[in-house]
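Heads up, protein.cif below (mmCIF, C-alpha atoms and all ligand atoms):
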data_work
#
loop_
_atom_site.label_atom_id
_atom_site.label_comp_id
_atom_site.auth_asym_id
_atom_site.auth_seq_id
_atom_site.Cartn_x
_atom_site.Cartn_y
_atom_site.Cartn_z
CA MET A 676 16.80 150.75 -57.85
CA ALA A 677 20.03 149.32 -56.47
CA GLN A 678 21.04 152.55 -54.75
CA HIS A 679 18.08 152.46 -52.34
CA HIS A 680 18.79 149.12 -50.74
CA GLN A 681 20.43 148.51 -47.42
CA ASP A 682 23.03 145.71 -47.43
CA PHE A 683 24.52 146.61 -44.07
CA ASP A 684 24.23 149.17 -41.30
CA PRO A 685 27.49 150.96 -40.44
CA THR A 686 25.82 152.72 -37.49
CA GLN A 687 24.92 149.57 -35.56
CA SER A 688 26.77 149.09 -32.28
CA GLU A 689 29.94 147.08 -32.62
CA THR A 690 32.52 145.30 -30.58
CA PHE A 691 36.20 145.18 -31.48
CA ASP A 692 35.68 141.78 -33.13
CA SER A 693 32.25 142.26 -34.69
CA ALA A 694 33.52 145.14 -36.83
CA TRP A 695 35.90 142.76 -38.62
CA ASP A 696 33.29 139.98 -38.74
CA GLN A 697 30.88 142.27 -40.56
CA PHE A 698 33.35 142.67 -43.42
CA ALA A 699 34.10 138.94 -43.58
CA ASP A 700 30.37 138.46 -44.03
CA LEU A 701 30.12 141.17 -46.71
CA ARG A 702 33.12 139.86 -48.66
CA ALA A 703 31.41 136.46 -48.86
CA ARG A 704 27.79 137.56 -49.29
CA CYS A 705 27.77 141.01 -50.83
CA PRO A 706 31.23 142.34 -51.69
CA VAL A 707 29.90 145.57 -53.20
CA ALA A 708 27.57 146.69 -50.44
CA HIS A 709 25.26 149.66 -50.18
CA THR A 710 23.88 151.52 -47.21
CA GLU A 711 21.53 154.45 -46.74
CA GLU A 712 23.28 155.42 -43.49
CA MET A 713 26.04 158.03 -43.04
CA GLY A 714 24.86 160.00 -46.03
CA ARG A 715 24.52 156.78 -48.10
CA PHE A 716 27.49 155.12 -49.74
CA TRP A 717 28.83 151.98 -51.36
CA ALA A 718 31.47 149.86 -49.64
CA LEU A 719 34.03 147.86 -51.64
CA THR A 720 35.22 145.01 -49.44
CA ARG A 721 37.26 142.74 -51.75
CA TYR A 722 40.96 143.26 -52.42
CA ASP A 723 40.82 143.50 -56.22
CA ASP A 724 37.97 146.00 -56.20
CA VAL A 725 39.56 148.23 -53.56
CA ARG A 726 42.90 148.17 -55.33
CA ARG A 727 41.29 149.05 -58.65
CA ALA A 728 39.35 152.03 -57.26
CA ALA A 729 42.47 153.33 -55.49
CA SER A 730 44.62 152.96 -58.60
CA GLU A 731 42.29 154.32 -61.32
CA SER A 732 42.37 157.90 -60.11
CA ALA A 733 40.96 159.45 -63.30
CA THR A 734 37.69 157.53 -62.79
CA PHE A 735 37.57 157.49 -58.99
CA VAL A 736 38.13 160.98 -57.64
CA THR A 737 38.60 162.26 -54.09
CA SER A 738 37.54 165.85 -54.73
CA GLN A 739 33.83 165.16 -54.06
CA GLN A 740 34.10 163.04 -50.94
CA ASN A 741 37.29 161.60 -49.51
CA VAL A 742 36.03 159.93 -46.37
CA VAL A 743 32.91 158.23 -44.97
CA PRO A 744 31.22 159.66 -43.01
CA LYS A 745 31.73 163.01 -44.69
CA VAL A 746 33.73 165.01 -42.17
CA ALA A 747 35.30 167.78 -44.24
CA PHE A 748 33.15 170.76 -43.36
CA THR A 749 35.85 173.35 -43.24
CA GLY A 750 37.46 173.74 -46.64
CA ARG A 751 39.61 171.92 -49.17
CA ARG A 752 42.70 170.32 -47.77
CA PRO A 753 45.46 168.98 -49.99
CA PRO A 754 46.64 166.44 -50.76
CA LEU A 755 43.66 164.23 -49.93
CA HIS A 756 40.93 166.52 -51.21
CA LEU A 757 42.55 167.23 -54.58
CA ASP A 758 42.85 165.05 -57.65
CA PRO A 759 45.84 164.84 -59.97
CA PRO A 760 47.19 166.97 -61.57
CA GLU A 761 46.23 169.65 -59.02
CA HIS A 762 47.25 167.20 -56.27
CA THR A 763 50.76 166.54 -57.64
CA PRO A 764 52.75 169.63 -56.53
CA TYR A 765 51.63 169.17 -52.92
CA ARG A 766 52.93 165.61 -52.90
CA ARG A 767 56.11 166.77 -54.60
CA ALA A 768 56.71 169.07 -51.62
CA LEU A 769 55.67 166.50 -49.00
CA ASN A 770 57.29 163.24 -50.15
CA PRO A 771 61.00 164.11 -49.69
CA LEU A 772 60.31 165.23 -46.12
CA LEU A 773 58.90 161.80 -45.31
CA SER A 774 61.53 159.59 -46.95
CA LEU A 775 62.64 156.36 -45.26
CA THR A 776 65.93 157.89 -44.13
CA ARG A 777 64.23 160.98 -42.75
CA ALA A 778 61.52 158.97 -40.97
CA GLU A 779 64.10 156.67 -39.38
CA SER A 780 66.10 159.68 -38.19
CA PHE A 781 63.21 160.32 -35.76
CA ALA A 782 63.42 156.81 -34.25
CA PRO A 783 65.70 157.80 -31.34
CA VAL A 784 63.35 160.65 -30.39
CA ALA A 785 60.35 158.33 -30.67
CA ARG A 786 62.10 155.83 -28.41
CA ARG A 787 62.86 158.46 -25.80
CA TYR A 788 59.23 159.62 -25.77
CA ALA A 789 58.01 156.01 -25.63
CA ARG A 790 60.10 155.32 -22.52
CA GLU A 791 58.94 158.54 -20.84
CA LEU A 792 55.30 157.72 -21.56
CA LEU A 793 55.62 154.12 -20.40
CA ALA A 794 57.35 154.91 -17.09
CA PRO A 795 54.17 155.90 -15.19
CA LEU A 796 52.28 152.93 -16.61
CA VAL A 797 55.01 150.57 -15.45
CA ALA A 798 54.94 152.25 -12.02
CA HIS A 799 51.17 151.69 -11.81
CA GLY A 800 51.27 148.12 -13.11
CA GLY A 801 49.36 149.00 -16.27
CA GLY A 802 47.23 151.61 -17.99
CA ASP A 803 45.44 152.42 -21.21
CA VAL A 804 47.73 151.67 -24.12
CA CYS A 805 45.81 154.02 -26.43
CA THR A 806 44.87 157.05 -24.35
CA GLU A 807 47.98 157.09 -22.15
CA TYR A 808 50.63 155.92 -24.61
CA ALA A 809 49.85 155.47 -28.28
CA SER A 810 47.84 158.66 -28.74
CA PHE A 811 50.68 160.82 -27.32
CA LEU A 812 53.69 159.42 -29.10
CA PRO A 813 52.63 160.20 -32.69
CA VAL A 814 51.78 163.78 -31.66
CA GLN A 815 55.17 164.24 -30.05
CA VAL A 816 57.06 162.76 -33.00
CA PHE A 817 54.89 164.73 -35.34
CA GLY A 818 55.60 167.94 -33.40
CA GLU A 819 59.31 167.29 -33.93
CA TRP A 820 58.79 166.51 -37.60
CA MET A 821 56.74 169.67 -38.18
CA ASN A 822 59.05 171.76 -35.97
CA VAL A 823 56.13 173.16 -34.00
CA PRO A 824 56.95 175.22 -30.90
CA ASP A 825 57.29 172.96 -27.82
CA HIS A 826 54.31 174.47 -26.02
CA TRP A 827 52.08 173.40 -28.94
CA VAL A 828 52.43 169.69 -28.32
CA GLU A 829 49.91 169.60 -25.49
CA PRO A 830 47.20 171.68 -27.27
CA LEU A 831 47.86 169.72 -30.47
CA HIS A 832 47.31 166.45 -28.65
CA LYS A 833 44.10 167.82 -27.12
CA ALA A 834 42.77 169.22 -30.40
CA GLY A 835 43.77 166.12 -32.36
CA ARG A 836 42.15 163.83 -29.83
CA ALA A 837 39.01 165.99 -29.60
CA PHE A 838 38.73 165.81 -33.38
CA ILE A 839 39.11 162.03 -33.42
CA LEU A 840 36.48 161.64 -30.69
CA ALA A 841 34.11 164.00 -32.51
CA VAL A 842 34.51 161.96 -35.71
CA ASN A 843 33.99 158.74 -33.76
CA MET A 844 30.81 160.10 -32.14
CA ASN A 845 29.71 161.52 -35.49
CA ASP A 846 29.26 164.98 -33.97
CA PRO A 847 29.54 167.51 -36.83
CA GLU A 848 29.46 170.60 -34.59
CA ALA A 849 32.34 169.36 -32.45
CA MET A 850 34.24 168.31 -35.59
CA LYS A 851 33.85 171.76 -37.06
CA ALA A 852 34.92 173.50 -33.86
CA THR A 853 38.06 171.38 -33.40
CA SER A 854 38.90 171.56 -37.08
CA LEU A 855 38.78 175.37 -36.90
CA LYS A 856 41.05 175.30 -33.88
CA LEU A 857 43.53 173.25 -35.89
CA TYR A 858 43.24 175.79 -38.71
CA ASP A 859 44.19 178.54 -36.26
CA MET A 860 47.30 176.57 -35.33
CA ALA A 861 48.16 176.00 -38.98
CA ARG A 862 47.71 179.72 -39.72
CA GLU A 863 50.00 180.64 -36.87
CA LEU A 864 52.64 178.19 -38.05
CA ILE A 865 52.59 179.65 -41.56
CA GLU A 866 52.94 183.19 -40.22
CA LEU A 867 55.81 182.06 -38.02
CA ARG A 868 57.67 180.56 -40.98
CA LYS A 869 57.15 183.66 -43.09
CA VAL A 870 58.93 185.69 -40.44
CA GLU A 871 61.51 183.04 -39.62
CA PRO A 872 61.93 180.68 -42.56
CA ARG A 873 63.50 177.28 -41.91
CA ASP A 874 65.41 174.93 -44.17
CA PRO A 875 62.85 173.61 -46.69
CA ALA A 876 64.73 170.29 -46.69
CA SER A 877 63.57 169.70 -43.11
CA ASP A 878 60.45 171.81 -42.66
CA ILE A 879 57.20 171.16 -44.49
CA THR A 880 55.73 174.64 -43.98
CA SER A 881 58.85 176.35 -45.33
CA ALA A 882 59.01 173.83 -48.19
CA LEU A 883 55.45 174.74 -49.21
CA LEU A 884 56.06 178.48 -48.98
CA ASP A 885 59.25 178.01 -50.95
CA ALA A 886 57.44 176.11 -53.69
CA ILE A 887 55.02 179.01 -54.14
CA GLU A 888 57.92 181.42 -54.48
CA ARG A 889 59.52 179.21 -57.11
CA GLY A 890 56.27 179.43 -59.07
CA ASP A 891 55.08 175.87 -58.48
CA ALA A 892 51.30 175.59 -58.85
CA LEU A 893 50.49 175.82 -55.14
CA GLN A 894 48.03 178.24 -53.62
CA GLU A 895 48.58 179.90 -50.27
CA GLU A 896 45.04 179.24 -49.09
CA LEU A 897 45.53 175.55 -49.86
CA ILE A 898 48.84 175.50 -48.02
CA LEU A 899 46.86 176.39 -44.94
CA GLY A 900 44.57 173.45 -45.69
CA MET A 901 47.50 171.11 -46.14
CA VAL A 902 49.22 172.10 -42.92
CA ARG A 903 45.85 171.63 -41.21
CA GLN A 904 45.37 168.18 -42.79
CA VAL A 905 48.84 167.00 -41.97
CA LEU A 906 48.33 168.19 -38.37
CA VAL A 907 45.75 165.47 -37.79
CA VAL A 908 46.12 162.76 -40.37
CA GLY A 909 49.37 161.34 -39.05
CA ILE A 910 48.15 161.07 -35.49
CA VAL A 911 45.18 158.74 -35.60
CA ALA A 912 46.34 155.68 -37.49
CA PRO A 913 49.36 154.72 -35.34
CA THR A 914 47.21 155.01 -32.19
CA VAL A 915 44.48 152.73 -33.50
CA VAL A 916 46.95 150.15 -34.88
CA MET A 917 48.84 150.06 -31.60
CA GLY A 918 45.58 149.56 -29.69
CA SER A 919 44.64 146.64 -31.93
CA ILE A 920 48.09 145.08 -31.59
CA ALA A 921 47.80 145.30 -27.79
CA VAL A 922 44.45 143.47 -27.95
CA HIS A 923 45.90 140.77 -30.18
CA LEU A 924 49.00 140.20 -28.04
CA SER A 925 46.94 140.15 -24.84
CA ARG A 926 44.99 137.28 -26.33
CA ASP A 927 48.00 135.49 -27.80
CA ARG A 928 50.50 135.27 -24.98
CA GLU A 929 52.70 132.87 -26.90
CA LEU A 930 53.24 135.39 -29.69
CA GLN A 931 53.70 138.16 -27.13
CA ASN A 932 56.46 136.17 -25.40
CA ARG A 933 58.05 135.19 -28.70
CA LEU A 934 58.32 138.81 -29.87
CA ARG A 935 59.61 139.91 -26.48
CA ALA A 936 62.26 137.19 -26.52
CA ASP A 937 63.29 137.90 -30.11
CA PRO A 938 62.84 141.58 -31.02
CA ALA A 939 64.38 140.94 -34.45
CA LEU A 940 60.97 139.48 -35.39
CA ILE A 941 59.17 142.75 -34.60
CA PRO A 942 59.50 144.56 -37.97
CA ALA A 943 57.93 141.59 -39.81
CA ALA A 944 55.29 141.28 -37.08
CA VAL A 945 54.42 144.97 -37.47
CA GLU A 946 53.89 144.50 -41.21
CA GLU A 947 51.55 141.56 -40.60
CA PHE A 948 49.75 143.54 -37.88
CA LEU A 949 49.32 146.44 -40.30
CA ARG A 950 47.66 144.02 -42.72
CA LEU A 951 45.53 142.32 -40.08
CA TYR A 952 44.59 145.51 -38.24
CA THR A 953 44.56 148.05 -41.05
CA PRO A 954 43.09 151.06 -39.23
CA TYR A 955 40.99 152.53 -42.06
CA ARG A 956 37.69 151.52 -43.58
CA GLY A 957 36.34 154.91 -44.64
CA PHE A 958 38.61 156.51 -47.23
CA ALA A 959 36.33 157.28 -50.15
CA ARG A 960 36.13 158.06 -53.83
CA THR A 961 33.36 159.09 -56.22
CA ALA A 962 33.15 157.64 -59.73
CA VAL A 963 32.91 160.24 -62.50
CA GLU A 964 31.09 157.73 -64.74
CA ASP A 965 28.90 154.68 -64.20
CA VAL A 966 31.11 151.77 -63.16
CA GLU A 967 30.79 148.05 -62.45
CA PHE A 968 32.52 145.77 -59.96
CA GLY A 969 32.08 142.03 -60.58
CA GLY A 970 28.72 142.60 -62.24
CA CYS A 971 27.48 145.08 -59.66
CA PRO A 972 26.80 148.53 -61.12
CA ILE A 973 27.59 151.70 -59.20
CA PRO A 974 26.13 154.86 -60.70
CA LYS A 975 28.39 157.87 -61.10
CA ASP A 976 28.44 160.61 -58.45
CA GLU A 977 27.85 158.24 -55.50
CA ALA A 978 30.29 157.92 -52.60
CA ILE A 979 32.31 154.70 -52.52
CA ALA A 980 34.27 153.62 -49.42
CA LEU A 981 37.48 151.73 -50.15
CA VAL A 982 37.49 149.39 -47.18
CA TYR A 983 41.25 148.83 -46.98
CA ALA A 984 40.78 146.96 -43.69
CA SER A 985 38.54 144.41 -45.39
CA ALA A 986 40.63 144.11 -48.56
CA ASN A 987 43.62 143.13 -46.45
CA ARG A 988 41.77 140.14 -44.96
CA ASP A 989 40.54 138.85 -48.33
CA ASP A 990 41.35 135.10 -48.34
CA ALA A 991 41.68 135.18 -52.12
CA VAL A 992 44.89 137.20 -51.75
CA PHE A 993 45.99 136.43 -48.18
CA PRO A 994 45.13 132.79 -47.41
CA ASP A 995 43.56 132.43 -43.97
CA GLY A 996 43.38 136.21 -44.04
CA SER A 997 41.98 136.73 -40.55
CA THR A 998 44.90 134.88 -38.94
CA PHE A 999 48.25 136.35 -37.92
CA ILE A 1000 50.94 134.60 -39.99
CA LEU A 1001 54.48 135.91 -39.66
CA ASN A 1002 56.43 136.41 -42.92
CA ARG A 1003 53.61 135.85 -45.42
CA PRO A 1004 55.24 135.57 -48.84
CA ASN A 1005 53.06 138.33 -50.34
CA ILE A 1006 52.90 140.65 -47.34
CA GLY A 1007 54.21 143.47 -49.56
CA ASP A 1008 50.88 143.45 -51.40
CA HIS A 1009 48.86 144.70 -48.43
CA LEU A 1010 46.92 147.94 -48.76
CA ALA A 1011 47.26 149.36 -45.24
CA PHE A 1012 48.82 152.50 -46.71
CA GLY A 1013 46.55 152.64 -49.74
CA ARG A 1014 47.56 152.60 -53.43
CA GLY A 1015 47.75 155.00 -56.33
CA PRO A 1016 48.35 158.75 -56.18
CA HIS A 1017 46.87 159.16 -52.67
CA ASN A 1018 48.95 156.37 -51.13
CA CYS A 1019 50.20 157.33 -47.71
CA PRO A 1020 53.23 159.64 -47.77
CA GLY A 1021 53.67 158.92 -44.03
CA ILE A 1022 54.29 155.18 -44.58
CA HIS A 1023 57.82 155.20 -43.18
CA LEU A 1024 57.06 157.50 -40.27
CA GLY A 1025 53.90 155.55 -39.35
CA ARG A 1026 55.66 152.20 -39.58
CA MET A 1027 58.58 153.45 -37.49
CA GLU A 1028 56.22 154.80 -34.79
CA VAL A 1029 54.29 151.55 -34.48
CA ARG A 1030 57.50 149.50 -34.43
CA VAL A 1031 59.13 151.64 -31.73
CA MET A 1032 55.95 151.69 -29.63
CA LEU A 1033 55.71 147.90 -29.77
CA GLU A 1034 59.42 147.33 -29.10
CA GLU A 1035 59.31 149.59 -26.07
CA LEU A 1036 56.05 148.17 -24.70
CA LEU A 1037 57.45 144.65 -24.90
CA ALA A 1038 60.81 145.69 -23.43
CA ALA A 1039 59.19 147.54 -20.50
CA THR A 1040 57.01 144.60 -19.47
CA THR A 1041 57.38 140.92 -18.73
CA GLY A 1042 53.76 140.34 -19.76
CA PHE A 1043 50.47 142.16 -20.26
CA GLU A 1044 46.81 141.25 -20.45
CA LEU A 1045 43.49 142.99 -20.95
CA ALA A 1046 42.25 144.70 -17.79
CA GLY A 1047 38.91 146.08 -18.92
CA GLU A 1048 36.71 146.85 -21.85
CA ILE A 1049 38.12 147.63 -25.29
CA VAL A 1050 36.55 150.71 -26.88
CA PRO A 1051 36.27 150.07 -30.61
CA ALA A 1052 36.95 152.80 -33.18
CA ARG A 1053 34.07 153.94 -35.38
CA TRP A 1054 34.06 154.84 -39.08
CA PRO A 1055 36.27 155.97 -40.76
CA GLU A 1056 38.70 154.04 -38.52
CA ILE A 1057 38.51 150.44 -37.38
CA GLY A 1058 40.35 148.92 -34.42
CA ALA A 1059 40.65 150.09 -30.84
CA ILE A 1060 40.79 153.58 -29.32
CA SER A 1061 40.98 152.48 -25.67
CA VAL A 1062 42.67 149.31 -24.39
CA PRO A 1063 43.22 149.01 -20.62
CA LEU A 1064 46.12 146.70 -19.85
CA ARG A 1065 47.42 145.06 -16.69
CA PHE A 1066 51.15 144.35 -16.62
CA THR A 1067 51.88 140.87 -15.31
CA ALA A 1068 54.85 138.88 -14.13
C1 LIG A 1101 50.20 153.40 -39.27
C2 LIG A 1101 50.19 154.57 -39.80
C3 LIG A 1101 49.43 155.03 -41.02
C4 LIG A 1101 48.53 154.38 -41.81
C5 LIG A 1101 48.04 152.94 -41.70
C6 LIG A 1101 48.11 155.31 -42.84
C7 LIG A 1101 47.22 155.01 -43.86
C8 LIG A 1101 46.89 155.85 -44.91
C9 LIG A 1101 46.07 155.50 -46.04
C10 LIG A 1101 45.38 154.16 -46.23
C11 LIG A 1101 46.01 156.57 -46.87
C12 LIG A 1101 45.30 156.63 -48.24
C13 LIG A 1101 44.06 157.45 -48.26
C14 LIG A 1101 43.21 157.23 -49.52
O1 LIG A 1101 43.40 156.25 -50.25
O2 LIG A 1101 42.32 158.06 -49.76
C15 LIG A 1101 46.78 157.63 -46.26
C16 LIG A 1101 46.93 158.90 -46.77
C17 LIG A 1101 47.64 159.91 -46.15
N1 LIG A 1101 48.44 159.77 -45.03
FE1 LIG A 1101 48.69 158.12 -43.91
N2 LIG A 1101 48.75 156.50 -42.65
C18 LIG A 1101 49.57 156.37 -41.56
C19 LIG A 1101 50.43 157.33 -41.04
C20 LIG A 1101 50.60 158.58 -41.55
C21 LIG A 1101 51.52 159.55 -41.02
C22 LIG A 1101 52.46 159.34 -39.83
C23 LIG A 1101 51.37 160.68 -41.77
C24 LIG A 1101 52.13 161.95 -41.54
C25 LIG A 1101 52.77 162.66 -42.22
C26 LIG A 1101 50.35 160.41 -42.79
C27 LIG A 1101 49.91 161.30 -43.75
C28 LIG A 1101 49.01 161.01 -44.76
C29 LIG A 1101 48.56 161.97 -45.77
C30 LIG A 1101 48.96 163.45 -45.85
C31 LIG A 1101 47.70 161.28 -46.63
C32 LIG A 1101 46.97 161.83 -47.87
C33 LIG A 1101 47.79 161.56 -49.10
C34 LIG A 1101 47.18 162.03 -50.41
O3 LIG A 1101 45.97 162.26 -50.48
O4 LIG A 1101 47.94 162.17 -51.38
N3 LIG A 1101 49.93 159.12 -42.62
N4 LIG A 1101 47.33 157.17 -45.07
#
Take the structure in the file and write it out as structure tokens.
Amino acid sequence: MAQHHQDFDPTQSETFDSAWDQFADLRARCPVAHTEEMGRFWALTRYDDVRRAASESATFVTSQQNVVPKVAFTGRRPPLHLDPPEHTPYRRALNPLLSLTRAESFAPVARRYARELLAPLVAHGGGDVCTEYASFLPVQVFGEWMNVPDHWVEPLHKAGRAFILAVNMNDPEAMKATSLKLYDMARELIELRKVEPRDPASDITSALLDAIERGDALQEELILGMVRQVLVVGIVAPTVVMGSIAVHLSRDRELQNRLRADPALIPAAVEEFLRLYTPYRGFARTAVEDVEFGGCPIPKDEAIALVYASANRDDAVFPDGSTFILNRPNIGDHLAFGRGPHNCPGIHLGRMEVRVMLEELLAATTGFELAGEIVPARWPEIGAISVPLRFTA
């Protein structure tokens, strides 16, 4: 039976580059791949297949398993864990708070944090772009966006980072413990807003509580889950993308110098970097009926990973897909932020954070290069989680 074969091993040790090479191989050799590891799952690696599974949400649901490996041990968390129509009111509350205008209004704050974080690295002639820079900035910006008390930023960074490391080491006990800690923070935030409500136009927790009062189909217990999910989901991706960009630019000094000399190119470069270094390979769906992709059957009720990172390097859609090419004519087709009802509501905030981090890193340095070993991210992410840099003349 097809579901018992092993087309690839997602647990094998990887380097930063081999992770991407594995998907290039699968796209060519076995685009609908199966593995018995990580609780067994199918991996879609071609663009058209990934896009189809993300778009056809009635057939491919997230309510059974939304990520590979399965890390949700501590309850249902909207919006990711719910399917439409149950999913819809949560997105209705979330989307306006993450509009382009609103996301960009946080750019000055992001820039201030970026400069503060970079100052000690500049003083030391380098540092780890992920652990000392890119993993802090999204938490700080996020803290502002969620209006969390100032003294939460440090514990939030610690808990968020502990959760990411636990997921990367595939340590369920540690995942559970850190997830519960994040739940405690979410619970406290909800209680705080009940006592001191804020403007729902600028506060997600108040917006959710408000929606319940108006009779929208939200449940209080799921609000807790959503605040908990949002506490972590917006923190990981920008860190991993920034790490990957730092690796790329360390290797391509010409591009690094070009972007530094002409910052107007940076927004387009960020978009191409998001395609080339899409940070997710493990978002998942489960088919509610038997399905077929290019002649390959997948039985219903089996987990399917939508490997966005692989789809975005598919040469059939992005010619020479593993190469950085500025201003690709169809760059708008990339799937770094997903597709369909679960597409990323944080697209503008995430993009802004990566852009500001890159602008400030380039502005603060005259050059940088790799100064040690890159630590690659594990499923469900792909990219780098530690990149030591040396700043050069
Ligand atoms: C570079 C930055 C980011 C990238 C590449 C990214 C990518 C993604 C992707 C691919 C999905 C789709 C998941 C799926 O198909 O199952 C997603 C969902 C999501 N993202 Fe992001 N994300 C980023 C930043 C953020 C930020 C800053 C936030 C913060 C608010 C955020 C919040 C979410 C949420 C809540 C979902 C679940 C949406 C739903 O299920 O309806 N993301 N993200």
Using only C-alpha atoms and all ligand atoms, which residues of chain A come within 6 Å of ligand LIG 1101 (chain A), and what is the closest atom pair for each, with the distance in Å to one decimal? Give it as CSV, sorted by chain and residue number.
residue,atom,partner,partner_atom,distance
A:Pro754,CA,A:LIG1101,O3,4.2
A:Leu755,CA,A:LIG1101,O3,3.1
A:Val905,CA,A:LIG1101,C30,5.3
A:Val908,CA,A:LIG1101,C27,5.3
A:Gly909,CA,A:LIG1101,C21,3.4
A:Ala912,CA,A:LIG1101,C2,4.6
A:Pro913,CA,A:LIG1101,C1,4.2
A:Pro954,CA,A:LIG1101,C5,5.8
A:Phe958,CA,A:LIG1101,O2,4.8
A:Ala1011,CA,A:LIG1101,C5,5.1
A:Phe1012,CA,A:LIG1101,C10,3.8
A:Gly1013,CA,A:LIG1101,C10,4.0
A:Pro1016,CA,A:LIG1101,O4,5.9
A:His1017,CA,A:LIG1101,O4,3.4
A:Asn1018,CA,A:LIG1101,C12,4.7
A:Cys1019,CA,A:LIG1101,C15,3.7
A:Pro1020,CA,A:LIG1101,C28,5.4
A:Gly1021,CA,A:LIG1101,C23,3.7
A:Ile1022,CA,A:LIG1101,C19,5.7
A:Leu1024,CA,A:LIG1101,C22,5.0
A:Gly1025,CA,A:LIG1101,C2,3.9
A:Arg1026,CA,A:LIG1101,C1,5.6
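You will find CA of Leu855 in chain A at 22.6 Å from CA of Ala959 in chain A.
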Could you pull out every residue with an atom within 12 Å of (54.1, 180.6, -37.6), file coordinates, counting only C-alpha atoms, and send them as a ChimeraX atom specification? /A:821-824,827,858-873,878,880-881,884,899,902
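Compared by their closest atoms to Ile910 in chain A, and using all atoms listed in the file, the residues A:Tyr955, A:Phe698, A:Phe691, A:Phe817 rank with A:Phe817 nearest.
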For Phe999 in chain A, list every protein, DNA or RNA residue within 10 Å, evaluated using all atoms listed in the file, and leave out those in the same chain fewer than 3 positions away; present the list as a VMD selection string. chain A and resid 923 930 944 947 to 948 950 to 952 995 to 996 1002 to 1003
Would you compute the distance between CA of His756 in chain A and CA of Ala809 in chain A? Give it in Å to one decimal. 27.0 Å
Please list as a PyMOL selection string every residue within 7 Å of Ser925 in chain A, counting only C-alpha atoms and excluding residues in the same chain fewer than 2 positions away. chain A and resi 921-923+927-928+1043-1045
Using only C-alpha atoms, please write the residues we just selected to a file, as a PDB file, keeping the file's coordinate frame.
ATOM      1  CA  ALA A 921      47.800 145.300 -27.790  1.00  0.00           C
ATOM      2  CA  VAL A 922      44.450 143.470 -27.950  1.00  0.00           C
ATOM      3  CA  HIS A 923      45.900 140.770 -30.180  1.00  0.00           C
ATOM      4  CA  ASP A 927      48.000 135.490 -27.800  1.00  0.00           C
ATOM      5  CA  ARG A 928      50.500 135.270 -24.980  1.00  0.00           C
ATOM      6  CA  PHE A1043      50.470 142.160 -20.260  1.00  0.00           C
ATOM      7  CA  GLU A1044      46.810 141.250 -20.450  1.00  0.00           C
ATOM      8  CA  LEU A1045      43.490 142.990 -20.950  1.00  0.00           C
TER       9      LEU A1045
END
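Atom pair CA of Leu719 in chain A / CA of Gln697 in chain A: separated by 12.8 Å.
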Using all atoms listed in the file: which of A:Pro759, A:Met917, A:Lys745, A:Glu829 has the shortest distance to Met850 in chain A: A:Lys745
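With only C-alpha atoms taken into account, the protein and nucleic acid residues at most 12 Å from Ser738 in chain A (excluding it and anything under 3 positions from it in its own chain) are A:Ser732, A:Ala733, A:Thr734, A:Phe735, A:Asn741, A:Val742, A:Lys745, A:Ala747, A:Gly750, A:Arg751, A:Arg752, A:Pro753, A:Pro754, A:Leu755, A:His756, A:Leu757, A:Asp758, A:Pro759, A:Pro760, A:Glu761, A:His762, A:Ala959, A:Arg960, A:Thr961, A:Ala962, A:Val963, A:Asp976, A:Ala978, A:His1017.
With distances taken over all atoms listed in the file, A:Ile979 is the one residue among A:Ala886, A:Ala984, A:Ala728, A:Ile979 lying closest to Thr710 in chain A.
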In terms of only C-alpha atoms, the residue from A:Pro771, A:Pro972, A:Pro1063, A:Pro783 at minimal distance from Glu1048 in chain A is A:Pro1063
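Each of A:Val982, A:Leu924, A:Asp723, A:Pro1055 was compared to Ala708 in chain A using all atoms listed in the file, and A:Val982 turns out to be the nearest.
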Around range 820-829 of chain A, fit a box with edges along x, y and z, padding it by 4 Å on each side, then list its centre and edge lengths in Å to one decimal as lines of an AutoDock Vina configuration file.
center_x = 54.5
center_y = 170.9
center_z = -31.8
size_x = 17.1
size_y = 16.7
size_z = 20.7
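Ranking A:Leu769, A:Leu812, A:Leu1064, A:Ile887 by their shortest atom-to-atom distance to Phe781 in chain A, with only C-alpha atoms included, puts A:Leu812 first.
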Residues within 7 Å of (52.4, 151.7, -24.6), file coords, all atoms listed in the file, listed as an MDAnalysis selection string: chainID A and resid 793 804 808:809 1032 1036
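Near Leu1033 in chain A, within 9 Å and counting all atoms listed in the file, sit Met917, Ile920, Ala921, Ile941, Val945, Glu1028, Val1029, Arg1030, Val1031, Glu1035, Leu1036, Leu1037 and Ala1038 of chain A; same-chain residues fewer than 2 positions away were not included.
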Glu1034 in chain A: which residues within 10 Å, counting all atoms listed in the file, same-chain residues fewer than 6 positions away excluded, as an MDAnalysis selection string? chainID A and resid 786 789 934:935 938:939 941:942 1028
